$ cat model.pdb   # PDB, C-alpha atoms
ATOM      1  CA  MET D   1      80.107 158.292  72.820
ATOM      2  CA  LYS D   2      81.997 160.924  74.775
ATOM      3  CA  ILE D   3      84.745 163.092  73.254
ATOM      4  CA  PRO D   4      85.798 165.689  75.868
ATOM      5  CA  ALA D   5      86.675 169.071  74.357
ATOM      6  CA  ASP D   6      89.633 169.714  76.701
ATOM      7  CA  LEU D   7      91.703 166.789  75.397
ATOM      8  CA  ARG D   8      93.852 166.172  72.296
ATOM      9  CA  TYR D   9      93.563 162.962  70.274
ATOM     10  CA  THR D  10      95.629 160.647  68.068
ATOM     11  CA  LYS D  11      94.591 158.644  65.008
ATOM     12  CA  GLU D  12      95.370 155.524  67.083
ATOM     13  CA  HIS D  13      92.612 156.570  69.556
ATOM     14  CA  GLU D  14      94.721 157.741  72.485
ATOM     15  CA  TRP D  15      93.956 160.971  74.307
ATOM     16  CA  ILE D  16      96.130 163.339  76.320
ATOM     17  CA  LYS D  17      95.164 165.921  78.896
ATOM     18  CA  VAL D  18      97.838 168.573  79.322
ATOM     19  CA  GLU D  19      98.335 170.407  82.609
ATOM     20  CA  GLY D  20     101.450 172.557  82.719
ATOM     21  CA  GLY D  21     104.313 170.446  81.351
ATOM     22  CA  LYS D  22     102.647 167.160  82.267
ATOM     23  CA  GLY D  23     100.297 164.961  80.294
ATOM     24  CA  THR D  24      97.824 162.277  81.341
ATOM     25  CA  ILE D  25      97.220 159.657  78.626
ATOM     26  CA  GLY D  26      94.449 157.132  78.063
ATOM     27  CA  ILE D  27      92.428 155.501  75.312
ATOM     28  CA  THR D  28      89.241 157.012  73.968
ATOM     29  CA  ASP D  29      85.670 155.949  74.568
ATOM     30  CA  PHE D  30      85.563 154.857  70.907
ATOM     31  CA  ALA D  31      88.665 152.679  71.393
ATOM     32  CA  GLN D  32      87.375 150.950  74.515
ATOM     33  CA  GLU D  33      84.058 150.216  72.741
ATOM     34  CA  GLN D  34      85.940 148.656  69.820
ATOM     35  CA  LEU D  35      88.148 146.585  72.124
ATOM     36  CA  GLY D  36      85.386 145.175  74.287
ATOM     37  CA  ASP D  37      86.052 144.156  77.879
ATOM     38  CA  VAL D  38      89.610 145.124  78.856
ATOM     39  CA  VAL D  39      91.287 142.377  80.894
ATOM     40  CA  PHE D  40      94.911 143.583  81.135
ATOM     41  CA  VAL D  41      96.936 146.762  80.647
ATOM     42  CA  GLU D  42     100.727 146.737  80.297
ATOM     43  CA  PRO D  43     102.125 150.275  80.631
ATOM     44  CA  PRO D  44     105.721 151.225  79.913
ATOM     45  CA  PRO D  45     108.153 150.985  82.843
ATOM     46  CA  ALA D  46     108.477 154.045  85.093
ATOM     47  CA  GLY D  47     111.046 156.475  83.737
ATOM     48  CA  ALA D  48     110.739 155.156  80.178
ATOM     49  CA  GLN D  49     111.444 157.711  77.472
ATOM     50  CA  LEU D  50     108.441 157.797  75.155
ATOM     51  CA  THR D  51     108.636 159.001  71.559
ATOM     52  CA  GLN D  52     105.631 160.454  69.775
ATOM     53  CA  GLY D  53     103.929 157.812  67.627
ATOM     54  CA  GLN D  54     105.951 154.905  69.054
ATOM     55  CA  THR D  55     104.564 151.928  70.975
ATOM     56  CA  MET D  56     104.366 152.577  74.725
ATOM     57  CA  GLY D  57     102.504 149.540  76.026
ATOM     58  CA  VAL D  58      99.687 147.083  75.411
ATOM     59  CA  VAL D  59      96.012 146.791  76.251
ATOM     60  CA  GLU D  60      94.452 143.338  76.130
ATOM     61  CA  SER D  61      90.724 142.687  75.832
ATOM     62  CA  VAL D  62      88.569 139.617  75.422
ATOM     63  CA  LYS D  63      88.681 140.286  71.650
ATOM     64  CA  THR D  64      92.268 141.308  70.922
ATOM     65  CA  VAL D  65      95.623 142.693  72.047
ATOM     66  CA  SER D  66      96.350 146.258  70.918
ATOM     67  CA  ASP D  67      99.462 148.384  71.105
ATOM     68  CA  LEU D  68      99.304 151.752  72.830
ATOM     69  CA  TYR D  69     101.056 154.677  71.158
ATOM     70  CA  ALA D  70     102.562 157.780  72.736
ATOM     71  CA  PRO D  71     100.681 160.921  71.667
ATOM     72  CA  VAL D  72     103.767 163.035  72.478
ATOM     73  CA  SER D  73     107.360 162.485  73.547
ATOM     74  CA  GLY D  74     108.424 162.574  77.167
ATOM     75  CA  ALA D  75     109.462 160.662  80.270
ATOM     76  CA  MET D  76     106.860 158.452  81.868
ATOM     77  CA  THR D  77     106.385 159.504  85.472
ATOM     78  CA  SER D  78     103.633 157.123  86.636
ATOM     79  CA  ALA D  79     101.173 154.449  85.588
ATOM     80  CA  ASN D  80      97.641 153.964  86.871
ATOM     81  CA  LYS D  81      98.215 151.249  89.513
ATOM     82  CA  GLU D  82      94.452 150.720  89.930
ATOM     83  CA  LEU D  83      94.379 149.078  86.486
ATOM     84  CA  GLU D  84      96.448 146.145  87.761
ATOM     85  CA  ALA D  85      93.500 144.932  89.852
ATOM     86  CA  GLN D  86      90.700 146.643  87.889
ATOM     87  CA  PRO D  87      91.519 146.831  84.163
ATOM     88  CA  GLU D  88      87.778 147.238  83.516
ATOM     89  CA  LEU D  89      88.125 150.884  84.647
ATOM     90  CA  VAL D  90      89.318 151.555  81.080
ATOM     91  CA  ASN D  91      85.842 150.528  79.880
ATOM     92  CA  GLN D  92      83.883 152.113  82.709
ATOM     93  CA  ASP D  93      85.594 155.522  82.806
ATOM     94  CA  PRO D  94      88.115 155.926  79.933
ATOM     95  CA  TYR D  95      88.597 159.677  80.545
ATOM     96  CA  GLY D  96      88.689 159.477  84.342
ATOM     97  CA  LYS D  97      89.625 156.520  86.544
ATOM     98  CA  GLY D  98      90.677 154.526  83.441
ATOM     99  CA  TRP D  99      93.653 156.763  82.559
ATOM    100  CA  LEU D 100      96.821 154.837  81.683
ATOM    101  CA  VAL D 101     100.008 156.847  82.265
ATOM    102  CA  GLU D 102     101.333 160.290  83.129
ATOM    103  CA  ILE D 103     104.343 161.790  81.418
ATOM    104  CA  GLU D 104     106.582 164.828  81.616
ATOM    105  CA  ILE D 105     106.204 166.298  78.105
ATOM    106  CA  SER D 106     109.558 166.982  76.435
ATOM    107  CA  ASP D 107     108.296 168.838  73.332
ATOM    108  CA  ALA D 108     105.035 170.756  73.730
ATOM    109  CA  GLY D 109     105.184 171.595  70.003
ATOM    110  CA  GLU D 110     104.203 167.975  69.268
ATOM    111  CA  LEU D 111     100.733 168.709  70.655
ATOM    112  CA  ASP D 112     100.051 170.685  67.464
ATOM    113  CA  ALA D 113     100.066 167.397  65.503
ATOM    114  CA  LEU D 114      97.171 166.026  67.571
ATOM    115  CA  MET D 115      93.464 166.419  66.834
ATOM    116  CA  SER D 116      90.960 168.575  68.670
ATOM    117  CA  ALA D 117      87.721 166.954  69.866
ATOM    118  CA  GLU D 118      85.921 168.221  66.741
ATOM    119  CA  LYS D 119      88.583 166.845  64.387
ATOM    120  CA  TYR D 120      88.626 163.528  66.253
ATOM    121  CA  ALA D 121      84.830 163.198  65.981
ATOM    122  CA  GLU D 122      85.135 163.857  62.245
ATOM    123  CA  PHE D 123      87.960 161.293  61.993
ATOM    124  CA  ILE D 124      85.810 158.617  63.671
ATOM    125  CA  ARG D 125      82.889 159.332  61.340
ATOM    126  CA  GLU D 126      85.174 159.005  58.303
ATOM    127  CA  GLU D 127      86.777 155.820  59.643
ATOM    128  CA  ALA D 128      83.352 154.253  60.270
ATOM    129  CA  SER D 129      82.096 154.921  56.737
TER     130      SER D 129
END

$ encode --input "model.pdb" --output "structure tokens"
Amino acid sequence: MKIPADLRYTKEHEWIKVEGGKGTIGITDFAQEQLGDVVFVEPPPAGAQLTQGQTMGVVESVKTVSDLYAPVSGAMTSANKELEAQPELVNQDPYGKGWLVEIEISDAGELDALMSAEKYAEFIREEAS
């Protein structure tokens, strides 16, 4: 299971990659394994104001439907359009082509509440036991 060191993580298994004042968000490798084959992704509408910890969309798999949660607050600037035709990209490449949305981060201080790769790996181990 991959846990890239350059990302920040939530307890709900979302990740965010920060570049300048923008963030790219997706679900973790652990999350996509737990979900099974992803068949549909419903992102928030363009321009939506996201609030840290609040629901921002849905991912549906053959097993279940799961809410997506915003790792930080901000305005959604774009969604991954490729997922409309190929939702399986979330399973195949969760940290690359399977990204979900991009946002303009409104409060960079919220990033401090997220976990590093090491803390996230520890969190998964604790959750599994």

$ closest_atom_pairs --input "model.pdb" --of "region 54-127 of chain D" --to "region 14-23 of chain D" --cutoff "7 Å" --atoms "all atoms listed in the file" --output "Markdown table"
| residue | atom | partner | partner_atom | distance |
| --- | --- | --- | --- | --- |
| D:Pro71 | CA | D:Glu14 | CA | 6.8 |
| D:Glu102 | CA | D:Gly23 | CA | 5.6 |
| D:Ile103 | CA | D:Gly23 | CA | 5.3 |
| D:Glu104 | CA | D:Lys22 | CA | 4.6 |
| D:Ile105 | CA | D:Lys22 | CA | 5.5 |

$ atom_distance --input "model.pdb" --atom1 "CA of Glu127 (chain D)" --atom2 "CA of Lys97 (chain D)"
27.1 Å

$ residues_around --input "model.pdb" --residues "region 106-109 of chain D" --least-positions-apart "5" --cutoff "8 Å" --atoms "only C-alpha atoms" --output "NGL selection string"
:D and (21 or 72-75)

$ closest_residue --input "model.pdb" --among "D:Ala70, D:Leu7, D:Val65, D:Ala128" --to "Asp37 (chain D)" --atoms "only C-alpha atoms"
D:Val65

$ closest_residue --input "model.pdb" --among "D:Val38, D:Ala121, D:Leu114, D:Leu83" --to "Gly53 (chain D)" --atoms "only C-alpha atoms"
D:Leu114
